file upload.cif (mmCIF, C-alpha atoms)
data_coords
#
loop_
_atom_site.label_atom_id
_atom_site.label_comp_id
_atom_site.auth_asym_id
_atom_site.auth_seq_id
_atom_site.Cartn_x
_atom_site.Cartn_y
_atom_site.Cartn_z
CA MET B 1 57.45 139.63 111.97
CA ALA B 2 59.93 136.81 112.42
CA THR B 3 60.94 135.09 109.21
CA ARG B 4 59.83 131.48 108.95
CA GLN B 5 62.61 128.93 108.46
CA PRO B 6 62.08 126.70 105.41
CA LYS B 7 60.88 123.25 106.38
CA GLU B 8 63.61 120.64 106.07
CA VAL B 9 62.78 117.96 103.51
CA LEU B 10 63.29 114.39 104.69
CA PRO B 11 65.28 112.09 102.36
CA SER B 12 62.23 109.86 101.86
CA GLU B 13 60.13 112.89 100.82
CA MET B 14 62.56 114.14 98.18
CA THR B 15 61.77 114.02 94.50
CA VAL B 16 63.64 111.62 92.22
CA LYS B 17 65.50 114.60 90.80
CA GLN B 18 66.73 115.63 94.26
CA LYS B 19 67.72 112.05 95.09
CA LEU B 20 69.73 111.75 91.87
CA GLU B 21 71.41 115.11 92.45
CA ASN B 22 72.44 114.08 95.96
CA LEU B 23 73.71 110.72 94.74
CA PHE B 24 75.78 112.38 92.03
CA LYS B 25 77.22 114.87 94.56
CA LEU B 26 78.14 111.93 96.78
CA GLN B 27 79.76 110.11 93.86
CA THR B 28 81.78 113.23 93.00
CA LYS B 29 83.23 113.48 96.51
CA LEU B 30 83.91 109.75 96.71
CA SER B 31 85.70 109.88 93.35
CA GLU B 32 87.93 112.66 94.70
CA ILE B 33 88.77 110.46 97.70
CA ASP B 34 89.52 107.59 95.28
CA LYS B 35 91.97 109.86 93.44
CA ILE B 36 93.79 110.54 96.71
CA LYS B 37 93.96 106.80 97.35
CA THR B 38 95.35 106.34 93.84
CA LEU B 39 98.17 108.73 94.73
CA ARG B 40 99.18 106.29 97.42
CA GLY B 41 99.35 103.62 94.74
CA GLU B 42 100.14 100.11 95.89
CA LEU B 43 101.94 101.29 99.03
CA PRO B 44 99.17 100.35 101.50
CA LEU B 45 98.97 96.84 100.01
CA GLU B 46 102.77 96.53 99.98
CA VAL B 47 102.91 97.60 103.64
CA GLN B 48 100.19 95.08 104.54
CA ASP B 49 101.96 92.30 102.63
CA LEU B 50 105.25 93.07 104.36
CA GLU B 51 103.58 93.12 107.78
CA ASP B 52 101.96 89.75 107.07
CA GLU B 53 105.27 88.31 105.82
CA ILE B 54 107.14 89.61 108.88
CA GLU B 55 104.53 88.13 111.20
CA GLY B 56 104.89 84.80 109.37
CA LEU B 57 108.69 84.97 109.68
CA HIS B 58 108.42 85.64 113.41
CA HIS B 59 106.22 82.56 113.85
CA ARG B 60 108.63 80.49 111.75
CA LEU B 61 111.68 81.61 113.75
CA VAL B 62 109.91 80.87 117.04
CA LYS B 63 109.07 77.42 115.65
CA TYR B 64 112.70 76.80 114.59
CA ASP B 65 113.95 77.93 118.00
CA GLN B 66 111.49 75.62 119.77
CA GLU B 67 112.47 72.70 117.52
CA ILE B 68 116.15 73.24 118.38
CA LYS B 69 115.29 73.24 122.10
CA ASP B 70 113.24 70.05 121.66
CA PHE B 71 116.13 68.40 119.76
CA GLU B 72 118.57 69.38 122.51
CA ALA B 73 116.21 68.01 125.16
CA ASP B 74 115.96 64.77 123.17
CA ILE B 75 119.77 64.54 123.01
CA ASN B 76 119.99 65.05 126.78
CA ALA B 77 117.43 62.29 127.30
CA LYS B 78 119.38 59.94 125.04
CA GLN B 79 122.65 60.83 126.78
CA GLN B 80 120.99 59.94 130.05
CA ALA B 81 119.88 56.62 128.55
CA ILE B 82 123.46 55.96 127.36
CA ASN B 83 124.78 56.62 130.90
CA GLU B 84 122.22 54.20 132.30
CA ALA B 85 123.19 51.56 129.70
CA ARG B 86 126.88 51.98 130.55
CA ALA B 87 126.12 51.63 134.23
CA LEU B 88 124.26 48.39 133.50
CA MET B 89 127.20 47.13 131.41
CA ASP B 90 129.59 47.82 134.25
CA ARG B 91 127.28 46.06 136.70
CA TYR B 92 126.88 43.03 134.43
CA LYS B 93 130.64 42.87 133.85
CA SER B 94 131.27 42.89 137.59
CA GLN B 95 128.80 40.02 137.99
CA LEU B 96 130.74 37.86 135.56
CA ASP B 97 133.24 37.03 138.30
CA ASP B 98 130.48 35.61 140.52
CA VAL B 99 128.64 33.39 138.01
CA ARG B 100 127.99 29.83 139.07
CA ASN B 101 127.32 28.22 135.71
CA ASN B 102 127.59 28.72 131.97
CA ARG B 103 123.93 29.66 131.64
CA GLU B 104 124.31 32.68 133.94
CA TYR B 105 127.51 33.63 132.15
CA ASP B 106 125.82 33.51 128.71
CA ASN B 107 122.87 35.57 129.97
CA LEU B 108 125.16 38.24 131.36
CA GLN B 109 127.15 38.34 128.13
CA LYS B 110 123.92 38.78 126.15
CA GLU B 111 122.86 41.65 128.44
CA ILE B 112 126.27 43.30 128.03
CA GLU B 113 126.05 42.89 124.26
CA PHE B 114 122.48 44.24 124.21
CA GLN B 115 123.45 47.31 126.22
CA GLY B 116 126.38 47.89 123.86
CA LEU B 117 124.06 47.75 120.85
CA GLU B 118 121.63 50.07 122.64
CA ILE B 119 124.44 52.58 123.21
CA GLU B 120 125.43 52.41 119.53
CA LEU B 121 121.81 52.97 118.46
CA LEU B 122 121.41 55.91 120.83
CA ASN B 123 124.66 57.47 119.57
CA LYS B 124 123.43 57.09 115.98
CA LYS B 125 120.14 58.80 116.88
CA ILE B 126 122.07 61.59 118.61
CA ARG B 127 124.19 62.15 115.46
CA ASP B 128 120.97 62.32 113.37
CA ILE B 129 119.47 64.84 115.77
CA GLU B 130 122.66 66.90 115.73
CA ARG B 131 122.42 67.07 111.91
CA GLN B 132 118.82 68.25 112.24
CA ILE B 133 119.92 70.87 114.76
CA SER B 134 122.60 72.09 112.34
CA ALA B 135 120.02 72.35 109.53
CA ARG B 136 117.60 74.23 111.81
CA ILE B 137 120.37 76.64 112.88
CA VAL B 138 121.04 77.38 109.18
CA ASP B 139 117.30 77.94 108.64
CA LEU B 140 117.17 80.13 111.74
CA ASN B 141 120.08 82.31 110.60
CA LYS B 142 118.66 82.66 107.08
CA GLY B 143 115.27 83.50 108.53
CA ARG B 144 116.76 86.21 110.75
CA GLU B 145 118.60 87.72 107.77
CA THR B 146 115.36 87.71 105.74
CA LEU B 147 113.49 89.22 108.68
CA ASP B 148 116.04 92.03 108.99
CA ARG B 149 115.70 92.84 105.27
CA ARG B 150 111.90 92.75 105.37
CA GLU B 151 111.78 94.99 108.44
CA ALA B 152 114.07 97.49 106.70
CA ASP B 153 111.79 97.38 103.61
CA LEU B 154 108.75 97.89 105.83
CA ASP B 155 110.28 100.93 107.53
CA LEU B 156 111.01 102.46 104.12
CA LYS B 157 107.53 101.76 102.73
CA LYS B 158 105.87 103.05 105.90
CA SER B 159 107.85 106.29 105.78
CA GLU B 160 106.84 106.81 102.13
CA LEU B 161 103.20 106.06 102.93
CA ASP B 162 103.19 108.30 106.01
CA GLU B 163 104.62 111.15 103.93
CA ILE B 164 101.84 110.83 101.33
CA ILE B 165 99.15 110.48 104.01
CA THR B 166 100.44 113.58 105.79
CA GLU B 167 100.25 115.58 102.56
CA THR B 168 96.69 114.45 101.76
CA ARG B 169 95.18 113.92 105.24
CA ALA B 170 93.60 117.38 105.59
CA GLU B 171 92.06 117.29 102.12
CA GLU B 172 90.78 113.74 102.58
CA GLU B 173 89.24 114.57 105.97
CA LYS B 174 87.37 117.54 104.47
CA LEU B 175 86.04 115.32 101.70
CA ARG B 176 84.98 112.63 104.15
CA GLU B 177 83.15 115.24 106.22
CA LYS B 178 81.27 116.35 103.10
CA VAL B 179 80.52 112.71 102.26
CA ARG B 180 79.02 112.16 105.73
CA SER B 181 76.94 115.32 105.32
CA ILE B 182 75.60 114.29 101.90
CA GLU B 183 74.84 110.74 103.08
CA LEU B 184 72.40 112.20 105.62
CA THR B 185 70.35 113.56 102.73
CA ILE B 186 69.93 110.12 101.11
CA GLU B 187 67.43 107.58 102.35
CA PRO B 188 69.21 104.53 103.89
CA ARG B 189 67.91 101.92 101.45
CA LEU B 190 68.93 103.93 98.39
CA LEU B 191 72.31 104.70 99.98
CA ALA B 192 72.89 101.00 100.71
CA SER B 193 72.04 100.11 97.10
CA PHE B 194 74.39 102.80 95.81
CA LYS B 195 77.25 101.57 98.01
CA ARG B 196 76.66 98.00 96.86
CA ILE B 197 76.75 99.06 93.19
CA ARG B 198 79.86 101.16 93.77
CA LYS B 199 81.64 98.32 95.57
CA SER B 200 81.06 95.91 92.68
CA ALA B 201 82.06 98.49 90.04
CA ARG B 202 85.71 98.27 89.01
CA ASN B 203 86.13 102.05 88.70
CA GLY B 204 84.13 102.85 91.83
CA LEU B 205 81.32 104.59 89.94
CA GLY B 206 77.86 103.86 91.28
CA ILE B 207 76.05 106.57 89.32
CA VAL B 208 76.99 107.79 85.83
CA TYR B 209 75.52 110.12 83.23
CA VAL B 210 74.49 109.11 79.75
CA GLN B 211 77.02 110.13 77.13
CA ARG B 212 76.76 109.55 73.40
CA ASP B 213 73.65 107.41 73.90
CA ALA B 214 75.62 105.00 76.10
CA CYS B 215 76.16 104.22 79.78
CA GLY B 216 79.01 106.29 81.19
CA GLY B 217 80.22 103.29 83.19
CA CYS B 218 80.20 100.27 80.86
CA PHE B 219 79.68 102.22 77.57
CA ASN B 220 76.94 99.90 76.35
CA LYS B 221 74.28 101.54 74.17
CA ILE B 222 71.09 102.62 75.94
CA PRO B 223 67.77 102.26 74.05
CA PRO B 224 66.07 105.57 73.14
CA GLN B 225 63.03 104.88 75.34
CA ARG B 226 65.27 104.23 78.35
CA GLN B 227 67.09 107.50 77.66
CA LEU B 228 63.72 109.28 77.69
CA ASP B 229 62.99 107.67 81.07
CA VAL B 230 66.35 108.90 82.38
CA ARG B 231 65.66 112.45 81.18
CA GLY B 232 62.14 112.27 82.63
CA ARG B 233 63.54 111.90 86.20
CA LYS B 234 60.37 110.18 87.37
CA LYS B 235 62.10 107.06 88.74
CA ILE B 236 65.55 105.65 89.41
CA ILE B 237 66.84 104.04 86.21
CA VAL B 238 69.76 101.60 86.20
CA CYS B 239 71.89 100.31 83.33
CA GLU B 240 70.60 96.91 82.26
CA TYR B 241 74.19 95.76 81.58
CA CYS B 242 76.27 96.94 84.57
CA GLY B 243 73.58 97.91 87.10
CA ARG B 244 74.87 101.47 87.63
CA ILE B 245 72.34 104.23 88.32
CA LEU B 246 71.85 106.46 85.27
CA ILE B 247 71.47 110.24 85.27
CA ASP B 248 71.07 112.67 82.39
CA PRO B 249 74.03 114.98 81.65
CA GLU B 250 72.07 118.16 82.36
CA LEU B 251 71.24 117.04 85.90
CA ALA B 252 74.89 116.08 86.37
CA GLY B 253 75.92 119.59 85.33
CA VAL B 254 77.66 118.40 82.20
CA LYS B 255 77.22 120.23 78.93
CA ILE B 256 77.09 117.95 75.93
CA GLU B 257 78.06 119.70 72.72
CA LYS B 258 75.73 118.88 69.87
CA PRO B 259 77.41 118.02 66.59
CA GLU B 260 77.23 120.88 64.11
CA GLU B 261 74.88 120.29 61.24
CA ALA B 262 76.40 120.48 57.81
CA PRO B 263 75.13 123.52 55.86
CA LYS B 264 72.50 122.65 53.30
CA LYS B 265 73.54 123.11 49.73
CA LYS B 266 71.44 125.58 47.79
CA ARG B 267 70.03 124.24 44.58
CA GLY B 268 71.08 126.24 41.58
CA ILE B 269 68.29 127.83 39.53
CA ARG B 270 68.75 127.65 35.87
CA ARG B 271 67.59 130.66 34.00
CA ILE B 272 65.93 129.95 30.70
CA LYS B 273 66.31 132.64 28.17
CA LYS B 274 63.17 133.46 26.35
CA GLU B 275 63.39 133.39 22.66
CA GLU B 276 62.73 136.71 21.14
#

call {"tool": "encode", "arguments": {"input": "upload.cif", "output": "structure tokens"}}
result
Amino acid sequence: MATRQPKEVLPSEMTVKQKLENLFKLQTKLSEIDKIKTLRGELPLEVQDLEDEIEGLHHRLVKYDQEIKDFEADINAKQQAINEARALMDRYKSQLDDVRNNREYDNLQKEIEFQGLEIELLNKKIRDIERQISARIVDLNKGRETLDRREADLDLKKSELDEIITETRAEEEKLREKVRSIELTIEPRLLASFKRIRKSARNGLGIVYVQRDACGGCFNKIPPQRQLDVRGRKKIIVCEYCGRILIDPELAGVKIEKPEEAPKKKRGIRRIKKEE
């Protein structure tokens, strides 16, 4: 006779004990992944910060370069205006010889004077713009030097990070494969709740076992009745302080050593001698 394959239990049909065991297995694998991430330290954040800073520097340098081009275009426009003003001055001066009365002469002189003032004003504006161009060129050069240093720092940090990732990639991938496998054994709503708890927990622990009558996550004391409920494994119990899911040490596979009892002192028996 062909042997019958055991029927696969759906996550929703599992007992509370099985659900807690699967959650704790998942937490164990995720904690191992967290340890690998800890080995990388602050490098991923440092790399991200450097990439963001370099991108910002690129935008700033492009902005400086565009401002310099705009300043130069403004200078060219003002130079053109100066040439036009000089041409008008020359034309007005040539008309002075053909004036018929003092009024025309005074008007032409005023126009010549006005164009002269306009040329002086335009030259002043050009000098101001040239100073702004000089300042922007200094900013541009400093920005390029900073960019070169940051890009060198980024290359160094990336090489360090890549080296660590290469060393731990295989192990992390195996752990992630196990995580995906365990997640399939947990009903979606419970898994979502666990992930939410784990995300809000500072140490990444979403499920912890009771140790020394306290929560293994926040170390607040757990009332005796609540501990009985945890050991009963009839429903999912969470810590009323931190919200982590609680599991008893035995189910977590942890042996808790009981404190040794002090030996009882034997009471001495006094013997009373009978009088003869």

call {"tool": "atom_distance", "arguments": {"input": "upload.cif", "atom1": "atom CA of B:Tyr241", "atom2": "atom CA of B:Gly216"}}
result
11.6 Å

call {"tool": "residues_around", "arguments": {"input": "upload.cif", "residues": "B:Lys234", "least_positions_apart": "2", "cutoff": "10 Å", "atoms": "only C-alpha atoms", "output": "PDB file with C-alpha atoms, in the frame of the given file"}}
result
ATOM      1  CA  THR B  15      61.770 114.020  94.500  1.00  0.00           C
ATOM      2  CA  VAL B  16      63.640 111.620  92.220  1.00  0.00           C
ATOM      3  CA  LYS B  17      65.500 114.600  90.800  1.00  0.00           C
ATOM      4  CA  ASP B 229      62.990 107.670  81.070  1.00  0.00           C
ATOM      5  CA  VAL B 230      66.350 108.900  82.380  1.00  0.00           C
ATOM      6  CA  ARG B 231      65.660 112.450  81.180  1.00  0.00           C
ATOM      7  CA  GLY B 232      62.140 112.270  82.630  1.00  0.00           C
ATOM      8  CA  ILE B 236      65.550 105.650  89.410  1.00  0.00           C
ATOM      9  CA  ILE B 237      66.840 104.040  86.210  1.00  0.00           C
TER      10      ILE B 237
END

call {"tool": "resolve_selection", "arguments": {"input": "upload.cif", "expression": "the PyMOL selection byres ((chain B and resi 61-70) around 8)", "output": "PyMOL selection string"}}
result
chain B and resi 57-60+71-74+133+136-137+139-140+143-144

call {"tool": "resolve_selection", "arguments": {"input": "upload.cif", "expression": "the PyMOL selection byres ((chain B and resi 83-98) around 12)", "output": "JSON, numbers by chain"}}
result
{"B": [76, 77, 78, 79, 80, 81, 82, 99, 100, 101, 102, 103, 104, 105, 106, 107, 108, 109, 110, 111, 112, 113, 114, 115, 116, 117, 118, 119, 120, 121, 122, 123]}

call {"tool": "write_last_selection", "arguments": {"input": "upload.cif", "atoms": "C-alpha atoms", "output": "CSV table (one decimal), in the frame of the given file"}}
result
chain,number,residue,atom,x,y,z
B,76,ASN,CA,120.0,65.0,126.8
B,77,ALA,CA,117.4,62.3,127.3
B,78,LYS,CA,119.4,59.9,125.0
B,79,GLN,CA,122.6,60.8,126.8
B,80,GLN,CA,121.0,59.9,130.0
B,81,ALA,CA,119.9,56.6,128.6
B,82,ILE,CA,123.5,56.0,127.4
B,99,VAL,CA,128.6,33.4,138.0
B,100,ARG,CA,128.0,29.8,139.1
B,101,ASN,CA,127.3,28.2,135.7
B,102,ASN,CA,127.6,28.7,132.0
B,103,ARG,CA,123.9,29.7,131.6
B,104,GLU,CA,124.3,32.7,133.9
B,105,TYR,CA,127.5,33.6,132.2
B,106,ASP,CA,125.8,33.5,128.7
B,107,ASN,CA,122.9,35.6,130.0
B,108,LEU,CA,125.2,38.2,131.4
B,109,GLN,CA,127.2,38.3,128.1
B,110,LYS,CA,123.9,38.8,126.2
B,111,GLU,CA,122.9,41.6,128.4
B,112,ILE,CA,126.3,43.3,128.0
B,113,GLU,CA,126.0,42.9,124.3
B,114,PHE,CA,122.5,44.2,124.2
B,115,GLN,CA,123.4,47.3,126.2
B,116,GLY,CA,126.4,47.9,123.9
B,117,LEU,CA,124.1,47.8,120.8
B,118,GLU,CA,121.6,50.1,122.6
B,119,ILE,CA,124.4,52.6,123.2
B,120,GLU,CA,125.4,52.4,119.5
B,121,LEU,CA,121.8,53.0,118.5
B,122,LEU,CA,121.4,55.9,120.8
B,123,ASN,CA,124.7,57.5,119.6

call {"tool": "closest_residue", "arguments": {"input": "upload.cif", "among": "B:Asn220, B:Thr146, B:Gln227, B:Thr168", "to": "B:Thr38", "atoms": "all atoms listed in the file"}}
result
B:Thr168

call {"tool": "closest_residue", "arguments": {"input": "upload.cif", "among": "B:Ile129, B:Ala252, B:Ala152, B:Val208", "to": "B:Leu50", "atoms": "all atoms listed in the file"}}
result
B:Ala152

call {"tool": "atom_distance", "arguments": {"input": "upload.cif", "atom1": "atom CA of B:Ala201", "atom2": "atom CA of B:Ala214"}}
result
16.7 Å

call {"tool": "atom_distance", "arguments": {"input": "upload.cif", "atom1": "atom CA of B:Lys178", "atom2": "atom CA of B:Pro11"}}
result
16.6 Å

call {"tool": "residues_around", "arguments": {"input": "upload.cif", "residues": "B:Val254", "least_positions_apart": "6", "cutoff": "10 Å", "atoms": "only C-alpha atoms", "output": "ChimeraX atom specification"}}
result
/B:209,211,248

call {"tool": "write_last_selection", "arguments": {"input": "upload.cif", "atoms": "C-alpha atoms", "output": "compact mmCIF listing (two decimals), in the frame of the given file"}}
result
# COMPACT_ATOMS: atom_id res chain seq x y z
CA TYR B 209 75.52 110.12 83.23
CA GLN B 211 77.02 110.13 77.13
CA ASP B 248 71.07 112.67 82.39

call {"tool": "residues_around", "arguments": {"input": "upload.cif", "residues": "B:Arg198", "least_positions_apart": "5", "cutoff": "12 Å", "atoms": "all atoms listed in the file", "output": "list in words"}}
result
Leu23, Leu26, Gln27, Leu30, Ser31, Asp34, Leu191, Ala192, Ser193, Asn203, Gly204, Leu205, Gly206, Ile207, Val208, Gly217, Cys242, Gly243, Arg244 and Ile245 of chain B

call {"tool": "residues_around", "arguments": {"input": "upload.cif", "residues": "stretch 179-190 of chain B", "least_positions_apart": "5", "cutoff": "10 Å", "atoms": "only C-alpha atoms", "output": "number ranges by chain"}}
result
B: 9-14, 18-20, 22-23, 25-30, 33, 173-174, 195-196, 236
